[in-house]
Amino acid sequence: MTAVLPTVPFLDLDHVNGQVRAELDAAWRGVLAHGGFIGGPEVSRFEAEFARFCGVEHCVGVANGTDALELVLAALGIGRGDEVVVPANTFVATAEAVAAVGAHPRFVDVRPDTLLVDPDAVADAVGPATAAVIGVHLYGQMADTDRLTAVAERYGLAYLEDAAQAHGADDLGRRAGSTGVAAAFSFYPGKNLGALGDGGAVTTRDAALADRVRRLGNHGRSARDRHSHTDRGRNSRLDTLQAAVLSAKLPRLDEQNDARRAAARAYRDLLPETCTPVAVRAGARSVHHLAVVQVADRARAADALTRAGIGWGVHYPVPCHRQPAFAPPGGAAGPPVLPVTEAAADRILSLPMSPSLRAADVAAVCDVLRVAL
Ligand SMILES: *Cc1c(COP(=O)(O)O)cnc(C)c1O
């Protein structure tokens with residue numbers, strides 16, 4: 001008889017959603033009963049809860065995380081002729097939002113240990129057209145708040161947070177979503193706080209900015225008269241049903257993030273020397289959206305994981321500035337222009353990470369890697 005192979009899913013969403021099955025049933029019945037599928041009371045309730053969770057005054061629910069970024073940029077008047085500094089190592093949505101308002105994403109390199117945007121590279125990239133910088137809190141860890149806000153202040157830029165992977169993370173006690181002019185969150189099902197479909201939110205301390213975002217995402221409609229369209233807006237709203245789901249799940253998020261931190265500690269203790277986990281800066285508390293390591297022979301590691309029934313991913317194999325949609329013409333095959341990002345793209349490997357991941361699962365993953373490498 002052959003030994004039973006360990007099966008560790010990349011992300012165990014059934015567990016997370018199963019914990020709140022009773023609350024979800026009640027929430028859906030409630031929305032069905034009142035029938036306010038758009039803009040129902042569950043939306044403002046969740047907005048208030050999530051604003052409190054992030055430590056800010058205002059939260060505006062929108063349709064997804066990409067829209068959250070785009071609506072903030074539009075509400076700030078950023079558009080054609082403007083440049084926005086963006087790390088090249090991020091999900092492509094960060095750059096898409098910049099392009100969607102007609103601005104130019106100016107890609108910069110990341111730090112070799114955290115793989116987060118390098119504040120020195122941001123400062124070097126600032127030019128006369130630079131209007132904003134987006135700090136992406138990638139893999140669950142906040143970008144370097146102190147240094148990025150200092151650069152933004154020195155050059156008069158808006159500092160925005162892409163917090164789509166960092167619900168509940170903090171940096172020297174300041175929560176993700178509370179450190180920029182505004183922040184964008186995604187509630188895509190696999191994020192640390194996930195809906196059962198698409199969803200997103202903007203958080204900010206600025207009441208006027210929150211109002212503008214809300215208006216732009218609701219057809220530019222005036223708050224006083226629904227038939228008066230004061231702005232050229234669009235439709236990007238958080239569904240009532242998804243808001244109800246998110247309110248059911250939010251109370252468990254801090255506990256789930258703690259469980260992810262415990263799993264990350266286990267990885268740190270048990271990983272072979274050939275796998276280097278991304279570093280967490282002193283004073284920062286990651287919520288470990290992803291468990292990313294750097295490994296020289298990724299193909300070999302990934303193949304061994306697949307054969308052992310262990311889930312894995314790569315976030316992201318092709319950096320934004322090398323994507324056909326964003327690369328300058330003819331630039332895709334040239335020499336490295338952002339050497340840290342490009343070297344990391346060939347070495348990064350995302351290992352299983354879920355709030356339900358046990359130390360024994362982590363040990364099984366690390367054993368497979370140790371034998372393979
Ligand atoms: C998921 C994600 C987004 C986009 O969110 P959607 O809700 O999928 O539109 C933006 N930025 C980052 C870093 C993300 O991980």
# chains A, B, ... in the order shown; residues from 1 in each chain; ligands from 1

$ residues_around --residues "A:Val133" --least-positions-apart "6" --cutoff "7 Å" --atoms "only C-alpha atoms" --output "mmCIF file with N, CA, C and O atoms, in the first residue's frame"
data_model
loop_
_atom_site.group_PDB
_atom_site.id
_atom_site.type_symbol
_atom_site.label_atom_id
_atom_site.label_comp_id
_atom_site.auth_asym_id
_atom_site.auth_seq_id
_atom_site.Cartn_x
_atom_site.Cartn_y
_atom_site.Cartn_z
ATOM 1 N N VAL A 84 0.889 58.533 -11.999
ATOM 2 C CA VAL A 84 0.686 57.957 -10.667
ATOM 3 C C VAL A 84 1.742 56.873 -10.471
ATOM 4 O O VAL A 84 1.870 55.964 -11.311
ATOM 5 N N VAL A 85 2.510 56.979 -9.395
ATOM 6 C CA VAL A 85 3.589 56.019 -9.145
ATOM 7 C C VAL A 85 2.997 54.763 -8.507
ATOM 8 O O VAL A 85 2.241 54.844 -7.522
ATOM 9 N N VAL A 86 3.340 53.605 -9.093
ATOM 10 C CA VAL A 86 2.754 52.314 -8.724
ATOM 11 C C VAL A 86 3.886 51.274 -8.668
ATOM 12 O O VAL A 86 4.739 51.262 -9.561
ATOM 13 N N LEU A 157 2.282 65.090 -3.209
ATOM 14 C CA LEU A 157 1.500 64.055 -3.891
ATOM 15 C C LEU A 157 0.403 63.529 -2.962
ATOM 16 O O LEU A 157 0.520 63.602 -1.747
ATOM 17 N N ALA A 158 -0.632 62.982 -3.558
ATOM 18 C CA ALA A 158 -1.641 62.266 -2.771
ATOM 19 C C ALA A 158 -1.113 60.856 -2.501
ATOM 20 O O ALA A 158 -0.668 60.179 -3.431
ATOM 21 N N TYR A 159 -1.148 60.423 -1.231
ATOM 22 C CA TYR A 159 -0.764 59.041 -0.909
ATOM 23 C C TYR A 159 -2.031 58.200 -0.793
ATOM 24 O O TYR A 159 -2.878 58.440 0.067
ATOM 25 N N LEU A 160 -2.170 57.210 -1.686
ATOM 26 C CA LEU A 160 -3.338 56.322 -1.685
ATOM 27 C C LEU A 160 -2.895 54.928 -1.279
ATOM 28 O O LEU A 160 -1.772 54.512 -1.580
#

$ residues_around --residues "A:Ser178" --least-positions-apart "5" --cutoff "7 Å" --atoms "only C-alpha atoms" --output "list in words"
Cys54, Gly55, Val56 and Thr204 of chain A

$ closest_residue --among "A:Ala343, A:Leu349, A:Ala264, A:Ala325" --to "A:Ala99" --atoms "only C-alpha atoms"
A:Ala325

$ residues_near_ligand --ligand "ligand 1" --cutoff "8 Å" --atoms "only C-alpha atoms and all ligand atoms" --output "list in words"
Ala63, Asn64, Gly65, Thr66, Asp67, Ala68, Leu69, Thr90, Phe91, Val92, Ala93, Thr94, Val136, His137, Leu138, Asp162, Ala163, Ala164, Gln165, Ala184, Phe185, Ser186, Phe187, Tyr188, Lys191, Asp198, Gly199 and Gly200 of chain A

$ write_last_selection --atoms "N, CA, C and O atoms" --output "CSV table (one decimal), in the first residue's frame"
chain,number,residue,atom,x,y,z
A,63,ALA,N,-18.5,48.4,-6.1
A,63,ALA,CA,-18.7,47.1,-6.7
A,63,ALA,C,-17.5,46.2,-6.6
A,63,ALA,O,-17.7,44.9,-6.6
A,64,ASN,N,-16.3,46.7,-6.5
A,64,ASN,CA,-15.1,45.8,-6.5
A,64,ASN,C,-13.9,46.7,-6.1
A,64,ASN,O,-14.0,47.9,-6.1
A,65,GLY,N,-12.8,46.1,-5.9
A,65,GLY,CA,-11.6,46.8,-5.5
A,65,GLY,C,-11.0,47.7,-6.5
A,65,GLY,O,-10.4,48.7,-6.2
A,66,THR,N,-11.1,47.2,-7.8
A,66,THR,CA,-10.5,48.0,-8.9
A,66,THR,C,-11.3,49.3,-9.0
A,66,THR,O,-10.7,50.4,-9.2
A,67,ASP,N,-12.6,49.2,-8.9
A,67,ASP,CA,-13.5,50.4,-9.0
A,67,ASP,C,-13.1,51.3,-7.8
A,67,ASP,O,-13.1,52.6,-7.9
A,68,ALA,N,-12.9,50.8,-6.6
A,68,ALA,CA,-12.5,51.6,-5.4
A,68,ALA,C,-11.3,52.5,-5.7
A,68,ALA,O,-11.4,53.7,-5.5
A,69,LEU,N,-10.3,51.9,-6.3
A,69,LEU,CA,-9.1,52.7,-6.7
A,69,LEU,C,-9.5,53.7,-7.8
A,69,LEU,O,-9.1,54.9,-7.6
A,90,THR,N,2.6,44.0,-8.3
A,90,THR,CA,1.3,44.1,-7.7
A,90,THR,C,0.3,43.4,-8.6
A,90,THR,O,0.7,43.0,-9.8
A,91,PHE,N,-0.9,43.2,-8.2
A,91,PHE,CA,-1.9,42.7,-9.1
A,91,PHE,C,-2.2,43.8,-10.1
A,91,PHE,O,-2.2,45.0,-9.8
A,92,VAL,N,-2.4,43.4,-11.4
A,92,VAL,CA,-2.6,44.3,-12.5
A,92,VAL,C,-3.6,45.4,-12.3
A,92,VAL,O,-3.6,46.5,-12.8
A,93,ALA,N,-4.6,45.1,-11.4
A,93,ALA,CA,-5.7,46.0,-11.1
A,93,ALA,C,-5.2,47.4,-10.7
A,93,ALA,O,-5.9,48.4,-11.0
A,94,THR,N,-4.1,47.4,-9.9
A,94,THR,CA,-3.6,48.7,-9.4
A,94,THR,C,-3.3,49.6,-10.6
A,94,THR,O,-3.7,50.8,-10.6
A,136,VAL,N,0.9,49.8,-2.2
A,136,VAL,CA,0.2,48.6,-2.3
A,136,VAL,C,0.6,47.7,-1.1
A,136,VAL,O,1.8,47.4,-0.9
A,137,HIS,N,-0.4,47.3,-0.3
A,137,HIS,CA,-0.1,46.5,0.9
A,137,HIS,C,-0.1,45.0,0.5
A,137,HIS,O,-1.0,44.3,0.8
A,138,LEU,N,0.9,44.6,-0.3
A,138,LEU,CA,0.9,43.3,-0.9
A,138,LEU,C,1.1,42.2,0.0
A,138,LEU,O,1.9,42.3,1.0
A,162,ASP,N,-3.6,50.9,-1.7
A,162,ASP,CA,-4.3,49.7,-2.2
A,162,ASP,C,-4.2,48.6,-1.2
A,162,ASP,O,-3.2,48.0,-1.0
A,163,ALA,N,-5.3,48.5,-0.4
A,163,ALA,CA,-5.4,47.7,0.8
A,163,ALA,C,-6.2,46.4,0.5
A,163,ALA,O,-6.6,45.7,1.4
A,164,ALA,N,-6.2,46.0,-0.8
A,164,ALA,CA,-7.0,44.9,-1.2
A,164,ALA,C,-6.6,43.6,-0.6
A,164,ALA,O,-7.4,42.6,-0.6
A,165,GLN,N,-5.3,43.5,-0.2
A,165,GLN,CA,-4.8,42.2,0.4
A,165,GLN,C,-4.5,42.4,1.9
A,165,GLN,O,-3.7,41.6,2.4
A,184,ALA,N,-8.3,51.7,-0.9
A,184,ALA,CA,-9.2,50.9,-1.7
A,184,ALA,C,-9.1,49.5,-1.1
A,184,ALA,O,-8.0,48.9,-0.9
A,185,PHE,N,-10.3,48.9,-0.8
A,185,PHE,CA,-10.4,47.5,-0.4
A,185,PHE,C,-11.1,46.7,-1.4
A,185,PHE,O,-12.1,47.2,-2.1
A,186,SER,N,-10.8,45.4,-1.5
A,186,SER,CA,-11.5,44.4,-2.4
A,186,SER,C,-12.1,43.4,-1.4
A,186,SER,O,-11.5,43.0,-0.5
A,187,PHE,N,-13.3,43.0,-1.7
A,187,PHE,CA,-13.9,41.8,-1.0
A,187,PHE,C,-14.2,40.6,-2.0
A,187,PHE,O,-15.1,39.9,-1.8
A,188,TYR,N,-13.3,40.5,-3.0
A,188,TYR,CA,-13.3,39.3,-3.8
A,188,TYR,C,-13.2,38.1,-2.9
A,188,TYR,O,-12.6,38.2,-1.8
A,191,LYS,N,-10.1,37.1,-0.7
A,191,LYS,CA,-9.4,38.1,0.1
A,191,LYS,C,-9.6,37.8,1.6
A,191,LYS,O,-10.5,37.0,1.9
A,198,ASP,N,-18.4,39.6,-6.0
A,198,ASP,CA,-17.5,40.8,-6.0
A,198,ASP,C,-18.0,41.8,-5.0
A,198,ASP,O,-19.2,41.9,-4.7
A,199,GLY,N,-17.1,42.6,-4.5
A,199,GLY,CA,-17.4,43.8,-3.6
A,199,GLY,C,-16.2,44.6,-3.4
A,199,GLY,O,-15.0,44.1,-3.6
A,200,GLY,N,-16.3,45.8,-2.9
A,200,GLY,CA,-15.2,46.7,-2.6
A,200,GLY,C,-15.6,47.8,-1.8
A,200,GLY,O,-16.8,48.0,-1.5

$ residues_around --residues "A:Ala74" --least-positions-apart "3" --cutoff "12 Å" --atoms "only C-alpha atoms" --output "JSON list (two decimals) with all heavy atoms, in the first residue's frame"
[["chain", "number", "residue", "atom", "x", "y", "z"],
["A", 67, "ASP", "N", -12.62, 49.21, -8.92],
["A", 67, "ASP", "CA", -13.45, 50.42, -8.96],
["A", 67, "ASP", "C", -13.12, 51.34, -7.78],
["A", 67, "ASP", "O", -13.13, 52.56, -7.92],
["A", 67, "ASP", "CB", -14.94, 50.06, -8.88],
["A", 67, "ASP", "CG", -15.49, 49.56, -10.21],
["A", 67, "ASP", "OD1", -14.70, 49.40, -11.16],
["A", 67, "ASP", "OD2", -16.72, 49.34, -10.29],
["A", 68, "ALA", "N", -12.86, 50.76, -6.61],
["A", 68, "ALA", "CA", -12.54, 51.58, -5.44],
["A", 68, "ALA", "C", -11.33, 52.47, -5.74],
["A", 68, "ALA", "O", -11.35, 53.68, -5.48],
["A", 68, "ALA", "CB", -12.26, 50.69, -4.23],
["A", 69, "LEU", "N", -10.29, 51.89, -6.34],
["A", 69, "LEU", "CA", -9.11, 52.67, -6.72],
["A", 69, "LEU", "C", -9.46, 53.73, -7.76],
["A", 69, "LEU", "O", -9.07, 54.89, -7.65],
["A", 69, "LEU", "CB", -8.03, 51.74, -7.30],
["A", 69, "LEU", "CG", -7.19, 50.93, -6.33],
["A", 69, "LEU", "CD1", -6.38, 49.88, -7.10],
["A", 69, "LEU", "CD2", -6.25, 51.84, -5.53],
["A", 70, "GLU", "N", -10.19, 53.30, -8.78],
["A", 70, "GLU", "CA", -10.51, 54.22, -9.88],
["A", 70, "GLU", "C", -11.36, 55.40, -9.38],
["A", 70, "GLU", "O", -11.12, 56.55, -9.76],
["A", 70, "GLU", "CB", -11.26, 53.46, -10.98],
["A", 70, "GLU", "CG", -11.61, 54.35, -12.17],
["A", 70, "GLU", "CD", -12.54, 53.67, -13.17],
["A", 70, "GLU", "OE1", -12.49, 52.42, -13.29],
["A", 70, "GLU", "OE2", -13.30, 54.40, -13.83],
["A", 71, "LEU", "N", -12.33, 55.10, -8.52],
["A", 71, "LEU", "CA", -13.22, 56.16, -8.04],
["A", 71, "LEU", "C", -12.47, 57.16, -7.16],
["A", 71, "LEU", "O", -12.75, 58.35, -7.18],
["A", 71, "LEU", "CB", -14.42, 55.55, -7.30],
["A", 71, "LEU", "CG", -15.41, 54.82, -8.22],
["A", 71, "LEU", "CD1", -16.38, 53.95, -7.41],
["A", 71, "LEU", "CD2", -16.19, 55.81, -9.08],
["A", 77, "GLY", "N", -9.64, 64.13, -8.90],
["A", 77, "GLY", "CA", -9.41, 64.91, -10.11],
["A", 77, "GLY", "C", -8.17, 64.48, -10.87],
["A", 77, "GLY", "O", -7.63, 65.23, -11.68],
["A", 78, "ILE", "N", -7.68, 63.27, -10.60],
["A", 78, "ILE", "CA", -6.49, 62.76, -11.30],
["A", 78, "ILE", "C", -6.94, 62.16, -12.63],
["A", 78, "ILE", "O", -7.90, 61.39, -12.67],
["A", 78, "ILE", "CB", -5.75, 61.74, -10.42],
["A", 78, "ILE", "CG1", -5.15, 62.47, -9.20],
["A", 78, "ILE", "CG2", -4.66, 61.01, -11.22],
["A", 78, "ILE", "CD1", -4.60, 61.56, -8.14],
["A", 79, "GLY", "N", -6.25, 62.52, -13.71],
["A", 79, "GLY", "CA", -6.65, 62.03, -15.03],
["A", 79, "GLY", "C", -5.60, 62.30, -16.07],
["A", 79, "GLY", "O", -4.39, 62.24, -15.78],
["A", 80, "ARG", "N", -6.05, 62.60, -17.29],
["A", 80, "ARG", "CA", -5.16, 62.78, -18.43],
["A", 80, "ARG", "C", -4.04, 63.77, -18.11],
["A", 80, "ARG", "O", -4.29, 64.80, -17.50],
["A", 80, "ARG", "CB", -5.98, 63.28, -19.61],
["A", 80, "ARG", "CG", -5.49, 62.83, -20.96],
["A", 80, "ARG", "CD", -6.61, 62.84, -22.01],
["A", 80, "ARG", "NE", -7.63, 61.82, -21.71],
["A", 80, "ARG", "CZ", -7.48, 60.51, -21.95],
["A", 80, "ARG", "NH1", -6.36, 60.06, -22.46],
["A", 80, "ARG", "NH2", -8.45, 59.67, -21.68],
["A", 82, "ASP", "N", -1.67, 63.29, -15.99],
["A", 82, "ASP", "CA", -1.08, 63.01, -14.67],
["A", 82, "ASP", "C", -0.35, 61.67, -14.68],
["A", 82, "ASP", "O", -0.72, 60.75, -15.40],
["A", 82, "ASP", "CB", -2.17, 62.94, -13.59],
["A", 82, "ASP", "CG", -2.83, 64.29, -13.35],
["A", 82, "ASP", "OD1", -2.13, 65.32, -13.42],
["A", 82, "ASP", "OD2", -4.06, 64.30, -13.10],
["A", 97, "ALA", "N", -6.57, 50.71, -12.78],
["A", 97, "ALA", "CA", -7.38, 51.82, -12.26],
["A", 97, "ALA", "C", -6.78, 53.15, -12.67],
["A", 97, "ALA", "O", -7.50, 54.09, -13.01],
["A", 97, "ALA", "CB", -7.46, 51.71, -10.73],
["A", 98, "VAL", "N", -5.44, 53.22, -12.66],
["A", 98, "VAL", "CA", -4.76, 54.46, -13.06],
["A", 98, "VAL", "C", -5.05, 54.74, -14.54],
["A", 98, "VAL", "O", -5.41, 55.85, -14.92],
["A", 98, "VAL", "CB", -3.24, 54.34, -12.81],
["A", 98, "VAL", "CG1", -2.50, 55.55, -13.38],
["A", 98, "VAL", "CG2", -2.95, 54.18, -11.32],
["A", 99, "ALA", "N", -4.92, 53.70, -15.36],
["A", 99, "ALA", "CA", -5.17, 53.86, -16.80],
["A", 99, "ALA", "C", -6.64, 54.21, -17.06],
["A", 99, "ALA", "O", -6.95, 54.97, -17.98],
["A", 99, "ALA", "CB", -4.79, 52.57, -17.54],
["A", 100, "ALA", "N", -7.54, 53.66, -16.23],
["A", 100, "ALA", "CA", -8.98, 53.88, -16.47],
["A", 100, "ALA", "C", -9.37, 55.35, -16.34],
["A", 100, "ALA", "O", -10.31, 55.79, -16.98],
["A", 100, "ALA", "CB", -9.80, 53.03, -15.50],
["A", 101, "VAL", "N", -8.66, 56.11, -15.50],
["A", 101, "VAL", "CA", -8.99, 57.55, -15.39],
["A", 101, "VAL", "C", -8.18, 58.38, -16.40],
["A", 101, "VAL", "O", -8.25, 59.61, -16.39],
["A", 101, "VAL", "CB", -8.77, 58.10, -13.96],
["A", 101, "VAL", "CG1", -9.69, 57.40, -12.97],
["A", 101, "VAL", "CG2", -7.30, 57.99, -13.53],
["A", 102, "GLY", "N", -7.40, 57.71, -17.24],
["A", 102, "GLY", "CA", -6.64, 58.41, -18.28],
["A", 102, "GLY", "C", -5.25, 58.83, -17.85],
["A", 102, "GLY", "O", -4.53, 59.46, -18.62],
["A", 103, "ALA", "N", -4.86, 58.48, -16.62],
["A", 103, "ALA", "CA", -3.52, 58.84, -16.13],
["A", 103, "ALA", "C", -2.52, 57.76, -16.53],
["A", 103, "ALA", "O", -2.89, 56.70, -17.03],
["A", 103, "ALA", "CB", -3.55, 59.03, -14.62],
["A", 131, "ALA", "N", 1.15, 63.04, -9.74],
["A", 131, "ALA", "CA", 0.05, 63.55, -8.91],
["A", 131, "ALA", "C", -0.16, 62.72, -7.66],
["A", 131, "ALA", "O", -0.67, 63.22, -6.66],
["A", 131, "ALA", "CB", -1.24, 63.57, -9.73],
["A", 132, "ALA", "N", 0.20, 61.44, -7.71],
["A", 132, "ALA", "CA", -0.12, 60.56, -6.58],
["A", 132, "ALA", "C", 0.82, 59.37, -6.56],
["A", 132, "ALA", "O", 1.50, 59.07, -7.56],
["A", 132, "ALA", "CB", -1.57, 60.06, -6.70],
["A", 209, "LEU", "N", -14.35, 63.95, 0.30],
["A", 209, "LEU", "CA", -13.86, 62.93, -0.65],
["A", 209, "LEU", "C", -14.80, 61.72, -0.65],
["A", 209, "LEU", "O", -15.13, 61.17, -1.72],
["A", 209, "LEU", "CB", -12.43, 62.52, -0.30],
["A", 209, "LEU", "CG", -11.75, 61.53, -1.24],
["A", 209, "LEU", "CD1", -11.60, 62.10, -2.64],
["A", 209, "LEU", "CD2", -10.37, 61.13, -0.70],
["A", 210, "ALA", "N", -15.24, 61.29, 0.53],
["A", 210, "ALA", "CA", -16.18, 60.16, 0.62],
["A", 210, "ALA", "C", -17.46, 60.48, -0.15],
["A", 210, "ALA", "O", -17.98, 59.63, -0.88],
["A", 210, "ALA", "CB", -16.50, 59.86, 2.09],
["A", 212, "ARG", "N", -17.80, 62.52, -2.70],
["A", 212, "ARG", "CA", -17.53, 62.52, -4.14],
["A", 212, "ARG", "C", -17.46, 61.09, -4.67],
["A", 212, "ARG", "O", -18.00, 60.79, -5.73],
["A", 212, "ARG", "CB", -16.22, 63.27, -4.47],
["A", 212, "ARG", "CG", -16.44, 64.77, -4.71],
["A", 212, "ARG", "CD", -15.29, 65.41, -5.46],
["A", 212, "ARG", "NE", -14.02, 65.29, -4.77],
["A", 212, "ARG", "CZ", -13.62, 66.03, -3.74],
["A", 212, "ARG", "NH1", -14.42, 66.97, -3.26],
["A", 212, "ARG", "NH2", -12.44, 65.85, -3.18],
["A", 213, "VAL", "N", -16.78, 60.21, -3.91],
["A", 213, "VAL", "CA", -16.69, 58.81, -4.33],
["A", 213, "VAL", "C", -18.10, 58.21, -4.41],
["A", 213, "VAL", "O", -18.46, 57.53, -5.39],
["A", 213, "VAL", "CB", -15.80, 58.00, -3.37],
["A", 213, "VAL", "CG1", -15.95, 56.51, -3.61],
["A", 213, "VAL", "CG2", -14.33, 58.43, -3.52],
["A", 214, "ARG", "N", -18.92, 58.48, -3.41],
["A", 214, "ARG", "CA", -20.27, 57.92, -3.39],
["A", 214, "ARG", "C", -21.09, 58.43, -4.58],
["A", 214, "ARG", "O", -21.80, 57.67, -5.23],
["A", 214, "ARG", "CB", -20.97, 58.30, -2.07],
["A", 214, "ARG", "CG", -22.24, 57.52, -1.81],
["A", 214, "ARG", "CD", -22.90, 57.90, -0.49],
["A", 214, "ARG", "NE", -22.13, 57.54, 0.68],
["A", 214, "ARG", "CZ", -21.99, 56.30, 1.17],
["A", 214, "ARG", "NH1", -22.57, 55.29, 0.55],
["A", 214, "ARG", "NH2", -21.30, 56.07, 2.25],
["A", 215, "ARG", "N", -20.95, 59.72, -4.88],
["A", 215, "ARG", "CA", -21.69, 60.29, -6.01],
["A", 215, "ARG", "C", -21.23, 59.69, -7.32],
["A", 215, "ARG", "O", -22.04, 59.30, -8.16],
["A", 215, "ARG", "CB", -21.47, 61.81, -6.04],
["A", 215, "ARG", "CG", -22.72, 62.58, -5.70],
["A", 215, "ARG", "CD", -22.66, 64.07, -5.92],
["A", 215, "ARG", "NE", -21.39, 64.69, -6.15],
["A", 215, "ARG", "CZ", -20.66, 65.31, -5.22],
["A", 215, "ARG", "NH1", -21.09, 65.35, -3.97],
["A", 215, "ARG", "NH2", -19.51, 65.89, -5.53],
["A", 216, "LEU", "N", -19.90, 59.59, -7.49],
["A", 216, "LEU", "CA", -19.37, 59.08, -8.77],
["A", 216, "LEU", "C", -19.78, 57.63, -9.00],
["A", 216, "LEU", "O", -19.98, 57.22, -10.14],
["A", 216, "LEU", "CB", -17.83, 59.20, -8.79],
["A", 216, "LEU", "CG", -17.28, 60.62, -8.92],
["A", 216, "LEU", "CD1", -15.76, 60.61, -8.80],
["A", 216, "LEU", "CD2", -17.69, 61.26, -10.25],
["A", 217, "GLY", "N", -19.90, 56.86, -7.92],
["A", 217, "GLY", "CA", -20.26, 55.46, -8.04],
["A", 217, "GLY", "C", -21.76, 55.24, -8.15],
["A", 217, "GLY", "O", -22.23, 54.10, -8.27],
["A", 220, "GLY", "N", -23.38, 59.83, -10.51],
["A", 220, "GLY", "CA", -23.19, 61.27, -10.33],
["A", 220, "GLY", "C", -24.39, 61.97, -9.72],
["A", 220, "GLY", "O", -24.57, 63.18, -9.84],
["A", 231, "ASP", "N", -22.52, 65.13, -11.42],
["A", 231, "ASP", "CA", -21.24, 64.69, -11.97],
["A", 231, "ASP", "C", -21.53, 63.65, -13.05],
["A", 231, "ASP", "O", -22.58, 63.01, -13.04],
["A", 231, "ASP", "CB", -20.38, 64.01, -10.90],
["A", 231, "ASP", "CG", -20.03, 64.95, -9.76],
["A", 231, "ASP", "OD1", -19.00, 65.61, -9.86],
["A", 231, "ASP", "OD2", -20.81, 65.02, -8.78],
["A", 232, "ARG", "N", -20.55, 63.47, -13.95],
["A", 232, "ARG", "CA", -20.63, 62.35, -14.88],
["A", 232, "ARG", "C", -20.09, 61.13, -14.15],
["A", 232, "ARG", "O", -18.89, 60.91, -14.09],
["A", 232, "ARG", "CB", -19.82, 62.63, -16.13],
["A", 232, "ARG", "CG", -20.46, 63.72, -16.96],
["A", 232, "ARG", "CD", -19.69, 63.99, -18.20],
["A", 232, "ARG", "NE", -20.35, 65.07, -18.94],
["A", 232, "ARG", "CZ", -19.95, 65.52, -20.11],
["A", 232, "ARG", "NH1", -18.89, 64.98, -20.69],
["A", 232, "ARG", "NH2", -20.59, 66.49, -20.71],
["A", 233, "GLY", "N", -20.98, 60.35, -13.60],
["A", 233, "GLY", "CA", -20.57, 59.23, -12.77],
["A", 233, "GLY", "C", -20.67, 57.91, -13.50],
["A", 233, "GLY", "O", -20.56, 57.85, -14.73],
["A", 234, "ARG", "N", -20.87, 56.87, -12.76],
["A", 234, "ARG", "CA", -21.03, 55.53, -13.32],
["A", 234, "ARG", "C", -21.76, 54.69, -12.28],
["A", 234, "ARG", "O", -22.19, 55.23, -11.24],
["A", 234, "ARG", "CB", -19.67, 54.92, -13.66],
["A", 234, "ARG", "CG", -18.59, 55.22, -12.62],
["A", 234, "ARG", "CD", -17.32, 54.53, -12.95],
["A", 234, "ARG", "NE", -17.63, 53.12, -13.03],
["A", 234, "ARG", "CZ", -16.79, 52.15, -12.71],
["A", 234, "ARG", "NH1", -15.58, 52.43, -12.30],
["A", 234, "ARG", "NH2", -17.14, 50.89, -12.78]]

$ closest_atom_pairs --of "stretch 29-100 of chain A" --to "stretch 337-342 of chain A" --cutoff "10 Å" --atoms "only C-alpha atoms" --output "CSV"
residue,atom,partner,partner_atom,distance
A:Pro87,CA,A:Thr341,CA,8.9
A:Ala88,CA,A:Thr341,CA,6.8
A:Asn89,CA,A:Thr341,CA,6.0
A:Thr90,CA,A:Thr341,CA,9.8

$ closest_atom_pairs --of "stretch 266-372 of chain A" --to "stretch 16-24 of chain A" --cutoff "9 Å" --atoms "only C-alpha atoms" --output "JSON lines"
{"residue": "A:Ser354", "atom": "CA", "partner": "A:Val16", "partner_atom": "CA", "distance": 8.5}
{"residue": "A:Pro355", "atom": "CA", "partner": "A:Val16", "partner_atom": "CA", "distance": 7.5}
{"residue": "A:Ser356", "atom": "CA", "partner": "A:Val16", "partner_atom": "CA", "distance": 7.8}

$ residues_around --residues "A:Val293" --least-positions-apart "2" --cutoff "12 Å" --atoms "only C-alpha atoms" --output "number ranges by chain"
A: 112-115, 139, 264, 267-268, 271-279, 288, 290-291, 295-298, 301-302, 312-315, 344-352, 366, 369

$ select_by_dssp --residues "stretch 69-210 of chain A" --states "helix (DSSP H, G or I)" --output "number ranges by chain"
A: 69-75, 93-100, 119-125, 138-140, 145-155, 207-210

$ atom_distance --atom1 "atom CA of A:Glu161" --atom2 "atom CA of A:Asp12"
27.0 Å

$ residues_around --residues "A:Val365" --least-positions-apart "5" --cutoff "10 Å" --atoms "only C-alpha atoms" --output "VMD selection string"
chain A and resid 6 to 8 267 270 to 271 304 to 305 308 to 311 351 to 352 359 to 360 370

$ closest_residue --among "A:Tyr155, A:Phe107, A:Thr145, A:Asp303" --to "A:Val126" --atoms "only C-alpha atoms"
A:Tyr155

$ closest_residue --among "A:Pro105, A:Pro251, A:Pro9, A:Gly177" --to "A:Leu357" --atoms "only C-alpha atoms"
A:Pro9

$ atom_distance --atom1 "atom CA of A:Asp25" --atom2 "atom CA of A:Leu241"
11.0 Å

$ residues_around --residues "A:Val62" --least-positions-apart "4" --cutoff "6 Å" --atoms "only C-alpha atoms" --output "PyMOL selection string"
chain A and resi 200-201+236-238

$ write_last_selection --atoms "C-alpha atoms" --output "mmCIF file, in the first residue's frame"
data_model
loop_
_atom_site.group_PDB
_atom_site.id
_atom_site.type_symbol
_atom_site.label_atom_id
_atom_site.label_comp_id
_atom_site.auth_asym_id
_atom_site.auth_seq_id
_atom_site.Cartn_x
_atom_site.Cartn_y
_atom_site.Cartn_z
ATOM 1 C CA GLY A 200 -15.175 46.652 -2.631
ATOM 2 C CA ALA A 201 -14.905 49.740 -0.449
ATOM 3 C CA SER A 236 -20.362 50.963 -8.934
ATOM 4 C CA ARG A 237 -22.262 50.019 -5.781
ATOM 5 C CA LEU A 238 -21.895 47.338 -3.123
#

$ select_by_dssp --residues "stretch 169-296 of chain A" --states "strand (DSSP E)" --output "ChimeraX atom specification"
/A:170-171,174-175,182-186,200-204,275-277,284-285,291-295

$ decode --residues "stretch 250-254 of chain A" --atoms "C-alpha atoms" --output "tab-separated table (two decimals), in the first residue's frame"
chain	number	residue	atom	x	y	z
A	250	LEU	CA	-16.31	40.85	9.82
A	251	PRO	CA	-16.57	39.93	13.55
A	252	ARG	CA	-14.33	36.88	12.95
A	253	LEU	CA	-11.70	38.63	10.86
A	254	ASP	CA	-9.22	39.61	13.61
